>>> print(open('input18.cif').read())   # mmCIF, C-alpha atoms
data_structure
loop_
_atom_site.label_atom_id
_atom_site.label_comp_id
_atom_site.auth_asym_id
_atom_site.auth_seq_id
_atom_site.Cartn_x
_atom_site.Cartn_y
_atom_site.Cartn_z
CA MET A 1 -13.47 -32.74 9.05
CA ARG A 2 -11.52 -35.99 8.92
CA VAL A 3 -11.93 -36.94 12.57
CA GLY A 4 -14.66 -34.57 13.69
CA ASP A 5 -18.42 -34.77 13.68
CA LEU A 6 -19.42 -37.27 10.98
CA ALA A 7 -22.97 -35.87 11.04
CA VAL A 8 -21.64 -32.50 9.90
CA ARG A 9 -19.77 -34.10 7.02
CA ALA A 10 -22.80 -36.13 6.07
CA SER A 11 -24.94 -32.99 6.06
CA PHE A 12 -22.48 -31.20 3.75
CA GLU A 13 -22.30 -34.19 1.42
CA VAL A 14 -26.09 -34.38 1.15
CA SER A 15 -26.32 -30.64 0.44
CA PHE A 16 -23.53 -30.81 -2.14
CA ALA A 17 -24.92 -33.89 -3.86
CA SER A 18 -28.33 -32.24 -4.19
CA LEU A 19 -26.97 -29.22 -6.06
CA PRO A 20 -28.44 -28.97 -9.56
CA SER A 21 -26.52 -28.75 -12.79
CA ALA A 22 -26.40 -25.39 -14.58
CA LEU A 23 -29.40 -23.27 -13.62
CA VAL A 24 -29.88 -22.13 -17.22
CA PRO A 25 -28.46 -23.47 -20.50
CA GLY A 26 -24.80 -22.52 -20.65
CA GLY A 27 -24.83 -21.37 -17.04
CA VAL A 28 -22.45 -22.18 -14.19
CA ALA A 29 -23.19 -25.29 -12.15
CA PRO A 30 -23.39 -24.35 -8.44
CA ALA A 31 -21.34 -27.47 -7.59
CA ASP A 32 -18.53 -26.32 -9.90
CA ALA A 33 -18.56 -22.87 -8.32
CA PHE A 34 -18.53 -24.36 -4.81
CA ARG A 35 -15.53 -26.56 -5.60
CA LEU A 36 -13.45 -23.85 -7.25
CA LEU A 37 -14.11 -21.40 -4.43
CA GLY A 38 -12.41 -23.96 -2.20
CA LEU A 39 -9.11 -23.06 -3.88
CA TRP A 40 -9.13 -19.53 -2.52
CA ALA A 41 -7.43 -18.89 0.83
CA GLY A 42 -8.64 -15.31 1.35
CA PRO A 43 -11.33 -14.52 3.93
CA SER A 44 -13.78 -13.33 1.25
CA ILE A 45 -14.17 -13.00 -2.50
CA GLY A 46 -15.97 -10.43 -4.61
CA LEU A 47 -18.12 -11.25 -7.61
CA ARG A 48 -15.62 -9.95 -10.19
CA ALA A 49 -12.82 -11.95 -8.57
CA ALA A 50 -15.01 -15.07 -8.39
CA ALA A 51 -15.80 -14.71 -12.08
CA ALA A 52 -12.06 -14.66 -12.82
CA LEU A 53 -11.50 -17.73 -10.65
CA ILE A 54 -14.35 -19.70 -12.23
CA GLY A 55 -13.60 -18.42 -15.71
CA GLU A 56 -17.17 -17.52 -16.62
CA PRO A 57 -19.13 -14.27 -17.16
CA GLU A 58 -20.19 -12.42 -14.02
CA ASP A 59 -23.95 -12.77 -14.49
CA ARG A 60 -23.69 -16.55 -14.74
CA VAL A 61 -21.34 -16.75 -11.77
CA ALA A 62 -23.63 -14.49 -9.73
CA ASP A 63 -26.57 -16.85 -10.31
CA ALA A 64 -24.53 -19.83 -9.09
CA LEU A 65 -23.20 -18.02 -6.03
CA GLU A 66 -26.60 -16.73 -4.99
CA PHE A 67 -27.98 -20.26 -5.32
CA LEU A 68 -25.21 -21.45 -2.97
CA VAL A 69 -26.13 -18.69 -0.52
CA ASP A 70 -29.79 -19.79 -0.59
CA ALA A 71 -28.63 -23.38 -0.04
CA HIS A 72 -26.62 -22.22 3.02
CA LEU A 73 -23.37 -23.44 1.46
CA LEU A 74 -22.01 -19.91 1.09
CA GLU A 75 -22.37 -16.66 3.02
CA SER A 76 -22.84 -13.18 1.57
CA PRO A 77 -22.01 -10.56 4.22
CA ALA A 78 -22.40 -7.72 1.69
CA PRO A 79 -23.67 -7.32 -1.88
CA ASP A 80 -21.40 -9.11 -4.39
CA CYS A 81 -19.18 -10.35 -1.54
CA TYR A 82 -19.00 -14.01 -0.55
CA GLY A 83 -17.29 -16.26 1.97
CA PHE A 84 -17.38 -19.69 3.56
CA HIS A 85 -18.10 -20.73 7.09
CA ASP A 86 -14.86 -22.30 8.33
CA LEU A 87 -16.03 -25.91 8.14
CA LEU A 88 -17.55 -25.42 4.70
CA ARG A 89 -14.26 -23.93 3.53
CA VAL A 90 -12.53 -27.17 4.58
CA TYR A 91 -15.15 -29.24 2.80
CA ALA A 92 -14.91 -27.16 -0.39
CA ASP A 93 -11.13 -27.56 -0.33
CA GLU A 94 -11.52 -31.33 -0.02
CA ARG A 95 -13.99 -31.43 -2.91
CA VAL A 96 -11.83 -29.37 -5.28
CA MET A 97 -8.73 -31.42 -4.52
CA ALA A 98 -10.65 -34.66 -5.10
CA ASP A 99 -12.74 -33.65 -8.11
CA GLU A 100 -10.76 -31.07 -10.13
CA PRO A 101 -7.69 -32.04 -12.19
CA GLU A 102 -4.47 -30.33 -11.15
CA GLN A 103 -4.22 -28.29 -14.37
CA SER A 104 -7.77 -27.04 -13.91
CA ARG A 105 -6.90 -25.92 -10.38
CA ARG A 106 -3.74 -24.15 -11.54
CA ASP A 107 -5.56 -22.39 -14.38
CA ALA A 108 -8.27 -21.16 -12.04
CA MET A 109 -5.78 -19.75 -9.54
CA ALA A 110 -3.71 -18.14 -12.31
CA ARG A 111 -6.83 -16.32 -13.53
CA LEU A 112 -7.73 -15.11 -10.04
CA LEU A 113 -4.22 -13.98 -9.11
CA ALA A 114 -3.80 -12.15 -12.42
CA TRP A 115 -7.08 -10.38 -11.70
CA TYR A 116 -5.76 -9.21 -8.33
CA LEU A 117 -2.52 -8.01 -9.89
CA HIS A 118 -4.21 -6.02 -12.66
CA THR A 119 -6.81 -4.51 -10.31
CA ALA A 120 -4.10 -3.48 -7.84
CA SER A 121 -2.15 -1.84 -10.65
CA VAL A 122 -5.24 0.08 -11.82
CA ALA A 123 -5.85 1.29 -8.26
CA ASP A 124 -2.24 2.32 -7.73
CA THR A 125 -2.22 4.32 -10.96
CA LEU A 126 -4.81 6.56 -9.36
CA VAL A 127 -3.41 6.57 -5.82
CA SER A 128 0.24 7.15 -6.79
CA PRO A 129 0.33 8.23 -10.44
CA HIS A 130 4.03 9.17 -10.33
CA ARG A 131 5.22 5.99 -8.63
CA GLU A 132 7.06 3.49 -10.83
CA ARG A 133 5.16 0.23 -11.25
CA PRO A 134 6.20 -3.15 -12.68
CA SER A 135 5.25 -3.75 -16.31
CA LEU A 136 2.44 -6.29 -16.73
CA ASP A 137 1.48 -8.64 -19.51
CA PRO A 138 -1.90 -7.70 -21.06
CA ALA A 139 -4.87 -9.05 -19.15
CA SER A 140 -6.08 -12.32 -20.64
CA PRO A 141 -9.66 -12.70 -21.90
CA GLY A 142 -12.02 -13.09 -18.95
CA CYS A 143 -9.73 -11.15 -16.59
CA ASN A 144 -11.76 -7.98 -16.11
CA PRO A 145 -9.99 -5.85 -13.51
CA LEU A 146 -11.97 -3.25 -11.65
CA SER A 147 -11.80 0.40 -12.69
CA PHE A 148 -12.05 3.36 -10.35
CA SER A 149 -13.28 6.88 -11.05
CA ALA A 150 -11.45 8.51 -8.14
CA VAL A 151 -8.72 7.93 -5.56
CA ALA A 152 -11.29 7.34 -2.82
CA GLY A 153 -12.71 4.33 -4.66
CA ALA A 154 -9.25 2.85 -5.24
CA LEU A 155 -8.36 3.25 -1.57
CA ALA A 156 -11.70 1.78 -0.50
CA TRP A 157 -11.00 -1.31 -2.62
CA CYS A 158 -7.58 -1.72 -1.02
CA GLU A 159 -9.03 -1.24 2.45
CA ALA A 160 -11.62 -3.95 1.83
CA GLU A 161 -9.14 -6.31 0.15
CA ARG A 162 -5.95 -5.89 2.20
CA GLU A 163 -6.16 -9.37 3.78
CA ASN A 164 -7.04 -10.87 0.41
CA VAL A 165 -4.03 -9.18 -1.21
CA VAL A 166 -1.69 -10.81 1.29
CA ALA A 167 -3.44 -14.15 0.79
CA ALA A 168 -3.14 -13.77 -3.00
CA THR A 169 0.57 -13.00 -2.68
CA GLN A 170 1.16 -16.13 -0.61
CA GLN A 171 -0.88 -18.30 -2.96
CA ALA A 172 0.99 -16.94 -5.98
CA ALA A 173 4.24 -18.02 -4.32
CA ASP A 174 2.77 -21.40 -3.36
CA TYR A 175 1.67 -22.04 -6.95
CA GLY A 176 5.06 -21.05 -8.31
CA LEU A 177 3.64 -17.87 -9.92
CA HIS A 178 6.58 -15.87 -8.65
CA ASP A 179 6.18 -13.04 -11.16
CA ILE A 180 2.78 -12.28 -9.62
CA ALA A 181 4.07 -12.94 -6.09
CA TRP A 182 6.55 -10.04 -6.28
CA LYS A 183 4.61 -7.69 -8.53
CA LEU A 184 1.35 -7.72 -6.55
CA PRO A 185 2.81 -6.27 -3.31
CA VAL A 186 4.75 -3.69 -5.32
CA ALA A 187 1.63 -2.75 -7.28
CA VAL A 188 -0.43 -2.20 -4.14
CA LEU A 189 2.30 -0.32 -2.26
CA GLY A 190 0.88 3.16 -2.88
CA SER A 191 -2.40 2.22 -1.21
CA PHE A 192 -0.75 0.37 1.69
CA ASP A 193 1.46 3.43 2.23
CA ARG A 194 -1.42 5.89 2.08
CA LEU A 195 -3.54 3.81 4.48
CA SER A 196 -0.63 2.99 6.85
CA TYR A 197 -1.07 -0.79 6.43
CA ARG A 198 2.46 -1.54 7.55
CA ALA A 199 1.91 -5.11 8.77
CA GLU A 200 0.44 -6.11 5.39
CA TRP A 201 3.18 -4.17 3.60
CA ILE A 202 5.89 -6.13 5.43
CA SER A 203 4.29 -9.58 5.22
CA SER A 204 3.51 -9.30 1.50
CA HIS A 205 6.96 -7.93 0.65
CA LEU A 206 8.75 -10.67 2.57
CA ILE A 207 6.89 -13.18 0.38
CA ALA A 208 7.79 -11.08 -2.68
CA LEU A 209 11.47 -11.00 -1.71
CA ALA A 210 11.57 -14.79 -1.31
CA SER A 211 9.97 -15.24 -4.74
CA ALA A 212 12.41 -12.80 -6.35
CA ARG A 213 15.37 -14.65 -4.84
CA GLN A 214 13.99 -18.05 -5.77
CA THR A 215 13.80 -17.07 -9.44
CA GLY A 216 17.04 -15.06 -9.44
CA ASP A 217 15.26 -11.90 -10.58
CA ARG A 218 17.72 -9.23 -9.41
CA ARG A 219 15.54 -6.32 -10.47
CA ALA A 220 12.62 -7.68 -8.44
CA GLU A 221 14.95 -8.34 -5.48
CA GLY A 222 16.24 -4.76 -5.52
CA TRP A 223 12.73 -3.38 -5.80
CA THR A 224 11.32 -5.37 -2.89
CA LEU A 225 14.35 -4.69 -0.68
CA ASN A 226 13.94 -0.96 -1.27
CA ASN A 227 10.23 -1.13 -0.41
CA LEU A 228 10.99 -3.06 2.80
CA GLY A 229 13.46 -0.33 3.73
CA MET A 230 10.70 2.24 3.32
CA VAL A 231 8.33 0.54 5.74
CA TYR A 232 11.08 -0.16 8.28
CA SER A 233 11.95 3.54 8.12
CA GLN A 234 8.32 4.43 8.85
CA GLN A 235 8.47 2.14 11.87
CA GLN A 236 11.61 3.94 13.10
CA HIS A 237 13.77 0.83 12.57
CA MET A 238 16.38 3.00 10.91
CA ASP A 239 19.38 0.65 10.97
CA GLU A 240 17.33 -2.11 9.37
CA ALA A 241 15.92 0.37 6.84
CA ILE A 242 19.35 1.61 5.79
CA SER A 243 20.60 -1.96 5.49
CA ARG A 244 17.76 -2.80 3.08
CA PHE A 245 18.31 0.40 1.07
CA GLU A 246 22.02 -0.34 0.75
CA GLU A 247 21.33 -3.92 -0.41
CA ALA A 248 18.88 -2.55 -2.98
CA LEU A 249 21.37 0.09 -4.14
CA GLU A 250 24.11 -2.49 -4.64
CA ILE A 251 21.81 -4.62 -6.81
CA ARG A 252 20.61 -1.63 -8.80
CA ARG A 253 24.19 -0.58 -9.51
CA GLU A 254 24.98 -4.13 -10.58
CA ILE A 255 22.14 -4.20 -13.14
CA GLY A 256 22.56 -0.57 -14.28
CA ASP A 257 19.17 0.66 -13.04
CA LEU A 258 19.72 4.46 -12.86
CA ARG A 259 16.25 5.31 -11.65
CA GLY A 260 16.38 2.59 -9.02
CA GLN A 261 19.79 3.81 -7.87
CA ALA A 262 18.41 7.32 -7.50
CA ILE A 263 15.44 6.09 -5.46
CA SER A 264 17.56 4.00 -3.09
CA THR A 265 20.10 6.81 -2.69
CA ILE A 266 17.44 9.34 -1.73
CA ASN A 267 15.95 6.82 0.69
CA ILE A 268 19.34 6.40 2.38
CA ALA A 269 19.66 10.19 2.55
CA ASP A 270 16.18 10.49 4.06
CA ALA A 271 17.08 7.91 6.71
CA ASN A 272 20.31 9.68 7.61
CA LEU A 273 18.46 12.99 7.82
CA ARG A 274 16.01 11.48 10.30
CA LEU A 275 18.96 10.19 12.32
CA GLY A 276 20.37 13.73 12.52
CA ARG A 277 23.21 13.11 10.04
CA SER A 278 22.35 16.17 7.97
CA THR A 279 25.78 16.77 6.43
CA GLU A 280 26.05 13.14 5.31
CA ALA A 281 22.51 13.34 3.94
CA LEU A 282 23.39 16.46 1.92
CA ASP A 283 26.11 14.60 0.02
CA GLN A 284 23.75 11.71 -0.70
CA TYR A 285 20.98 14.04 -1.88
CA HIS A 286 23.39 15.64 -4.36
CA GLN A 287 24.33 12.17 -5.66
CA ALA A 288 20.64 11.34 -5.98
CA LEU A 289 19.92 14.61 -7.78
CA SER A 290 22.51 13.81 -10.47
CA LEU A 291 21.03 10.32 -10.89
CA GLN A 292 17.45 11.60 -11.07
CA ARG A 293 18.36 14.15 -13.72
CA GLU A 294 20.31 11.57 -15.72
CA ALA A 295 17.32 9.22 -15.54
CA GLY A 296 14.94 12.04 -16.47
CA TYR A 297 12.61 11.32 -13.55
CA ARG A 298 10.95 14.66 -12.72
CA TYR A 299 9.02 13.44 -9.69
CA GLY A 300 12.24 12.02 -8.24
CA GLU A 301 14.03 15.30 -8.93
CA GLY A 302 11.33 17.15 -6.99
CA ALA A 303 11.69 14.70 -4.11
CA VAL A 304 15.48 15.18 -3.97
CA LEU A 305 15.14 18.98 -4.01
CA THR A 306 12.71 18.66 -1.12
CA GLY A 307 15.22 16.52 0.77
CA LEU A 308 17.99 19.06 0.10
CA GLY A 309 15.74 21.77 1.49
CA GLU A 310 15.06 19.77 4.64
CA ALA A 311 18.76 19.01 5.14
CA HIS A 312 19.67 22.70 4.86
CA LEU A 313 16.81 23.48 7.22
CA ASP A 314 18.26 21.10 9.81
CA LEU A 315 21.65 22.77 9.41
CA GLY A 316 20.13 26.22 9.93
CA HIS A 317 20.69 27.38 6.32
CA LEU A 318 17.20 28.84 6.05
CA ASP A 319 17.59 30.84 2.83
CA ALA A 320 19.13 27.86 1.01
CA ALA A 321 16.42 25.60 2.42
CA ILE A 322 13.61 27.81 1.12
CA ASP A 323 15.30 28.07 -2.29
CA TYR A 324 15.55 24.28 -2.71
CA LEU A 325 12.03 23.73 -1.39
CA GLN A 326 10.55 26.24 -3.81
CA GLN A 327 12.39 24.53 -6.68
CA GLY A 328 10.94 21.20 -5.58
CA ARG A 329 7.45 22.65 -5.28
CA ALA A 330 7.68 24.14 -8.78
CA ILE A 331 8.37 20.68 -10.21
CA PHE A 332 5.50 19.05 -8.32
CA VAL A 333 3.10 21.78 -9.47
CA GLU A 334 4.36 21.40 -13.05
CA ILE A 335 3.73 17.63 -13.13
CA LYS A 336 0.56 17.91 -10.99
CA ALA A 337 1.97 15.70 -8.24
CA ARG A 338 -0.13 16.71 -5.26
CA ASN A 339 1.29 13.89 -3.14
CA GLY A 340 4.71 15.50 -3.48
CA GLU A 341 3.63 19.10 -3.10
CA ASP A 342 2.22 18.40 0.36
CA TYR A 343 5.67 17.37 1.66
CA VAL A 344 7.23 20.55 0.28
CA LEU A 345 4.55 22.72 1.86
CA HIS A 346 5.07 20.98 5.19
CA ALA A 347 8.82 21.69 5.05
CA LEU A 348 8.30 25.28 3.86
CA ALA A 349 5.98 25.88 6.81
CA ARG A 350 8.72 24.77 9.17
CA ALA A 351 11.19 27.16 7.52
CA TYR A 352 8.74 30.06 7.74
CA LEU A 353 8.15 29.27 11.41
CA GLU A 354 11.86 29.34 12.16
CA LEU A 355 12.11 32.72 10.42
CA GLY A 356 9.28 34.06 12.58
CA ARG A 357 6.89 34.26 9.61
CA THR A 358 4.10 32.56 11.56
CA PRO A 359 1.09 33.52 9.36
CA GLU A 360 2.89 32.14 6.29
CA ALA A 361 3.73 28.97 8.22
CA ILE A 362 0.09 28.47 9.23
CA ALA A 363 -1.05 29.00 5.64
CA ALA A 364 1.50 26.48 4.31
CA TYR A 365 0.52 23.86 6.90
CA GLN A 366 -3.16 24.39 6.04
CA ASP A 367 -2.43 23.98 2.33
CA ALA A 368 -0.50 20.77 3.05
CA LEU A 369 -3.39 19.50 5.19
CA THR A 370 -5.90 20.21 2.42
CA ILE A 371 -3.86 18.15 -0.04
CA ARG A 372 -3.36 15.30 2.41
CA ARG A 373 -7.07 15.15 3.09
CA SER A 374 -7.84 15.11 -0.62
CA VAL A 375 -5.48 12.18 -1.28
CA GLY A 376 -6.54 10.24 1.83
CA SER A 377 -3.17 10.06 3.60
CA ARG A 378 -4.23 9.56 7.23
CA GLN A 379 -0.80 9.31 8.87
CA SER A 380 0.41 12.42 7.06
CA GLN A 381 -2.75 14.30 7.98
CA GLY A 382 -2.10 13.56 11.64
CA LEU A 383 1.50 14.78 11.43
CA THR A 384 0.50 18.01 9.71
CA LEU A 385 -2.19 18.64 12.32
CA VAL A 386 0.42 18.27 15.07
CA PHE A 387 2.69 20.89 13.50
CA LEU A 388 -0.21 23.16 12.55
CA GLY A 389 -1.29 23.06 16.20
CA ARG A 390 2.19 24.20 17.25
CA ALA A 391 2.10 27.06 14.75
CA GLN A 392 -1.35 28.10 15.97
CA LEU A 393 -0.08 28.03 19.55
CA ARG A 394 2.86 30.26 18.60
CA ALA A 395 0.36 32.70 17.07
CA GLY A 396 -1.62 32.67 20.32
CA ASN A 397 -4.57 30.78 18.85
CA LEU A 398 -5.17 28.36 21.72
CA ALA A 399 -8.59 27.12 20.58
CA GLU A 400 -7.30 26.38 17.08
CA ALA A 401 -4.27 24.56 18.51
CA ARG A 402 -6.51 22.41 20.70
CA GLN A 403 -8.74 21.55 17.74
CA CYS A 404 -5.73 20.52 15.63
CA TRP A 405 -4.31 18.27 18.33
CA ALA A 406 -7.70 16.71 19.11
CA SER A 407 -8.11 15.85 15.42
CA ALA A 408 -4.57 14.45 15.29
CA TYR A 409 -5.26 12.34 18.39
CA ALA A 410 -8.35 10.83 16.74
CA ILE A 411 -6.34 9.87 13.65
CA PHE A 412 -3.44 8.30 15.57
CA ASP A 413 -5.89 6.47 17.82
CA GLU A 414 -7.60 5.02 14.73
CA LEU A 415 -4.22 3.97 13.32
CA GLY A 416 -3.00 2.54 16.64
CA ASP A 417 0.13 4.73 16.60
CA GLU A 418 1.05 4.71 20.29
CA GLU A 419 4.16 6.87 19.88
CA GLN A 420 2.28 9.69 18.18
CA LEU A 421 -0.63 9.36 20.62
CA ALA A 422 1.75 9.95 23.51
CA GLU A 423 3.22 13.01 21.80
CA VAL A 424 -0.18 14.56 21.06
CA SER A 425 -1.39 13.78 24.60
CA SER A 426 1.61 15.69 25.91
CA GLU A 427 0.78 18.66 23.68
CA LEU A 428 -2.83 18.68 24.88
CA ALA A 429 -1.77 18.38 28.53
CA GLY A 430 0.61 21.30 28.14
CA LEU A 431 -2.13 23.35 26.54
CA GLY A 432 -4.48 22.45 29.37
CA ALA A 433 -1.94 23.60 31.95
CA MET A 434 -1.44 26.82 30.02
CA SER A 435 -5.19 27.48 29.96
CA ALA A 436 -5.70 26.72 33.68
#
>>> encode(input="input18.cif", output="structure tokens")
Amino acid sequence: MRVGDLAVRASFEVSFASLPSALVPGGVAPADAFRLLGLWAGPSIGLRAAAALIGEPEDRVADALEFLVDAHLLESPAPDCYGFHDLLRVYADERVMADEPEQSRRDAMARLLAWYLHTASVADTLVSPHRERPSLDPASPGCNPLSFSAVAGALAWCEAERENVVAATQQAADYGLHDIAWKLPVAVLGSFDRLSYRAEWISSHLIALASARQTGDRRAEGWTLNNLGMVYSQQQHMDEAISRFEEALEIRREIGDLRGQAISTINIADANLRLGRSTEALDQYHQALSLQREAGYRYGEGAVLTGLGEAHLDLGHLDAAIDYLQQGRAIFVEIKARNGEDYVLHALARAYLELGRTPEAIAAYQDALTIRRSVGSRQSQGLTLVFLGRAQLRAGNLAEARQCWASAYAIFDELGDEEQLAEVSSELAGLGAMSA
């Protein structure tokens, strides 16, 4: 814009200068809305978020934004969703920096970023009701976070806003709002996990970690390190995952966070179990179980019992495995934690299969799949379909096995999971050779 086509700049300036004042008495001036939108770095902005940014009621903001759309200064790719053409974004940024006082700019961004934080927390309460979340200050007047009637709506919001969430995290850090910069990624973690948005998970948490360290907030640092370990574990970067978990555990011991210690300890145990270190994992699960019970965290206790069951399963202690898994399932049923019960059912199915109880294994896998579909966990659905296909094959149900693996292939293809795609392709090829 500074050295480019002067005719383009002149056109924008004419359009901007011709904008009217408030469309109705007490309304929002389209020029004010245009300028303030220039503060936002995300690719789009919804009406409720724009109202928080501008600091005015939604109906008045909507009138101003629709006027800007009609004036071709703003685009609206979907109802109540707005965005700039790239050059207009640059021009809006120039206008807001030139025309708005610094405090006005900071207040506007604080309102918007607080709106994102509170909406993310509302969504995560539905998606992961048993996950610990950071405590938030009450929403200020004019910050009207979205509400959701069901998990599907919360996940849909996260899916639509994932780029904006990362942008909001970065802007919070840039504006020195470090409390928001670390809490926002943590608040949205349940949705990122459920939707397998690992790239956004990592990028937002790296910003969060830097903000936590800049302010010396050890609790925030431990929390973000633990969450980074989780995503590295999902990516099979196990050494890096364990390193992050151990850093988090050290901090949580230092500050006396029992629940945090229990979470990091079970995560280390899970990582060792996946590396085949089942005996070492057993000891760590028992440490985590004591911590969970001391902290009184029932969901965490159920998770540890599930891990103990899986460790005994790996060691061939099938009766002990089933006993621990049934204890874990009882807790998840008691506290209505469906997104814990599915993991227990998946592990129980494996135990039943190893005992030759194939019909029970198929039923358990199907129950796990039903739960995972209901909570929208795509990656987990794919994994359960892979194992259900193997159980169906063992029962001689070739058509059912093929259907399971074809469904799993579609999911992993959608998620871009090349490793799982290769595994499912191998299963399907083997089934094809068997049928020939």
>>> resolve_selection(input="input18.cif", expression="the PyMOL selection byres ((chain A and resi 13) around 12)", output="list in words")
Met1, Leu6, Ala7, Val8, Arg9, Ala10, Ser11, Phe12, Val14, Ser15, Phe16, Ala17, Ser18, Leu19, Ala31, Leu73, Leu88, Tyr91, Ala92, Glu94 and Arg95 of chain A
>>> resolve_selection(input="input18.cif", expression="the PyMOL selection byres ((chain A and resi 348-357) around 12)", output="tab-separated table (two decimals) with C-alpha atoms, in the frame of the given file")
chain	number	residue	atom	x	y	z
A	306	THR	CA	12.71	18.66	-1.12
A	307	GLY	CA	15.22	16.52	0.77
A	309	GLY	CA	15.74	21.77	1.49
A	310	GLU	CA	15.06	19.77	4.64
A	311	ALA	CA	18.76	19.01	5.14
A	312	HIS	CA	19.67	22.70	4.86
A	313	LEU	CA	16.81	23.48	7.22
A	314	ASP	CA	18.26	21.10	9.81
A	315	LEU	CA	21.65	22.77	9.41
A	316	GLY	CA	20.13	26.22	9.93
A	317	HIS	CA	20.69	27.38	6.32
A	318	LEU	CA	17.20	28.84	6.05
A	319	ASP	CA	17.59	30.84	2.83
A	320	ALA	CA	19.13	27.86	1.01
A	321	ALA	CA	16.42	25.60	2.42
A	322	ILE	CA	13.61	27.81	1.12
A	323	ASP	CA	15.30	28.07	-2.29
A	324	TYR	CA	15.55	24.28	-2.71
A	325	LEU	CA	12.03	23.73	-1.39
A	326	GLN	CA	10.55	26.24	-3.81
A	327	GLN	CA	12.39	24.53	-6.68
A	328	GLY	CA	10.94	21.20	-5.58
A	329	ARG	CA	7.45	22.65	-5.28
A	341	GLU	CA	3.63	19.10	-3.10
A	342	ASP	CA	2.22	18.40	0.36
A	343	TYR	CA	5.67	17.37	1.66
A	344	VAL	CA	7.23	20.55	0.28
A	345	LEU	CA	4.55	22.72	1.86
A	346	HIS	CA	5.07	20.98	5.19
A	347	ALA	CA	8.82	21.69	5.05
A	358	THR	CA	4.10	32.56	11.56
A	359	PRO	CA	1.09	33.52	9.36
A	360	GLU	CA	2.89	32.14	6.29
A	361	ALA	CA	3.73	28.97	8.22
A	362	ILE	CA	0.09	28.47	9.23
A	363	ALA	CA	-1.05	29.00	5.64
A	364	ALA	CA	1.50	26.48	4.31
A	365	TYR	CA	0.52	23.86	6.90
A	366	GLN	CA	-3.16	24.39	6.04
A	367	ASP	CA	-2.43	23.98	2.33
A	368	ALA	CA	-0.50	20.77	3.05
A	369	LEU	CA	-3.39	19.50	5.19
A	384	THR	CA	0.50	18.01	9.71
A	387	PHE	CA	2.69	20.89	13.50
A	388	LEU	CA	-0.21	23.16	12.55
A	390	ARG	CA	2.19	24.20	17.25
A	391	ALA	CA	2.10	27.06	14.75
A	392	GLN	CA	-1.35	28.10	15.97
A	393	LEU	CA	-0.08	28.03	19.55
A	394	ARG	CA	2.86	30.26	18.60
A	395	ALA	CA	0.36	32.70	17.07
>>> closest_residue(input="input18.cif", among="A:Arg373, A:Lys183, A:Arg35, A:Arg131", to="A:Ala168", atoms="only C-alpha atoms")
A:Lys183
>>> residues_around(input="input18.cif", residues="A:Val96", least_positions_apart="2", cutoff="8 Å", atoms="all atoms listed in the file", output="ChimeraX atom specification")
/A:35-36,38-39,92-94,98-100,105
>>> write_last_selection(input="input18.cif", atoms="C-alpha atoms", output="CSV table (one decimal), keeping the file's coordinate frame")
chain,number,residue,atom,x,y,z
A,35,ARG,CA,-15.5,-26.6,-5.6
A,36,LEU,CA,-13.4,-23.8,-7.2
A,38,GLY,CA,-12.4,-24.0,-2.2
A,39,LEU,CA,-9.1,-23.1,-3.9
A,92,ALA,CA,-14.9,-27.2,-0.4
A,93,ASP,CA,-11.1,-27.6,-0.3
A,94,GLU,CA,-11.5,-31.3,0.0
A,98,ALA,CA,-10.6,-34.7,-5.1
A,99,ASP,CA,-12.7,-33.6,-8.1
A,100,GLU,CA,-10.8,-31.1,-10.1
A,105,ARG,CA,-6.9,-25.9,-10.4
>>> atom_distance(input="input18.cif", atom1="atom CA of A:Cys143", atom2="atom CA of A:Arg106")
15.2 Å
>>> residues_near_point(input="input18.cif", point="(19.1, -4.4, -6.2)", cutoff="7 Å", atoms="all atoms listed in the file", output="VMD selection string")
chain A and resid 218 to 219 221 to 223 247 to 252
>>> closest_residue(input="input18.cif", among="A:Gly376, A:Gly46, A:Pro134, A:Pro185", to="A:Leu155", atoms="only C-alpha atoms")
A:Gly376
>>> closest_residue(input="input18.cif", among="A:Ala173, A:Glu419, A:Pro129, A:Asp137", to="A:Ser191", atoms="only C-alpha atoms")
A:Pro129
>>> atom_distance(input="input18.cif", atom1="atom CA of A:Gln381", atom2="atom CA of A:Ser407")
9.3 Å
>>> resolve_selection(input="input18.cif", expression="the PyMOL selection byres ((chain A and resi 331) around 10)", output="PyMOL selection string")
chain A and resi 298-303+305+326-330+332-337+340-341
>>> atom_distance(input="input18.cif", atom1="atom CA of A:Leu53", atom2="atom CA of A:Thr224")
27.1 Å
>>> closest_residue(input="input18.cif", among="A:Leu228, A:Leu308, A:Ala281, A:Leu195", to="A:Ser380", atoms="all atoms listed in the file")
A:Leu195
>>> decode(input="input18.cif", residues="stretch 129-142 of chain A", atoms="C-alpha atoms", output="PDB file, in the first residue's frame")
ATOM      1  CA  PRO A 129     -16.699 -31.647  31.126  1.00  0.00           C
ATOM      2  CA  HIS A 130     -14.228 -33.504  33.360  1.00  0.00           C
ATOM      3  CA  ARG A 131     -11.106 -31.739  32.116  1.00  0.00           C
ATOM      4  CA  GLU A 132      -9.587 -29.157  34.459  1.00  0.00           C
ATOM      5  CA  ARG A 133      -9.772 -25.623  33.078  1.00  0.00           C
ATOM      6  CA  PRO A 134      -8.113 -22.371  34.187  1.00  0.00           C
ATOM      7  CA  SER A 135     -10.240 -20.125  36.387  1.00  0.00           C
ATOM      8  CA  LEU A 136     -11.444 -16.978  34.614  1.00  0.00           C
ATOM      9  CA  ASP A 137     -12.413 -13.545  35.821  1.00  0.00           C
ATOM     10  CA  PRO A 138     -16.132 -12.831  35.255  1.00  0.00           C
ATOM     11  CA  ALA A 139     -16.935 -11.622  31.762  1.00  0.00           C
ATOM     12  CA  SER A 140     -17.078  -7.836  31.624  1.00  0.00           C
ATOM     13  CA  PRO A 141     -20.235  -6.028  30.465  1.00  0.00           C
ATOM     14  CA  GLY A 142     -20.520  -6.246  26.693  1.00  0.00           C
TER      15      GLY A 142
END
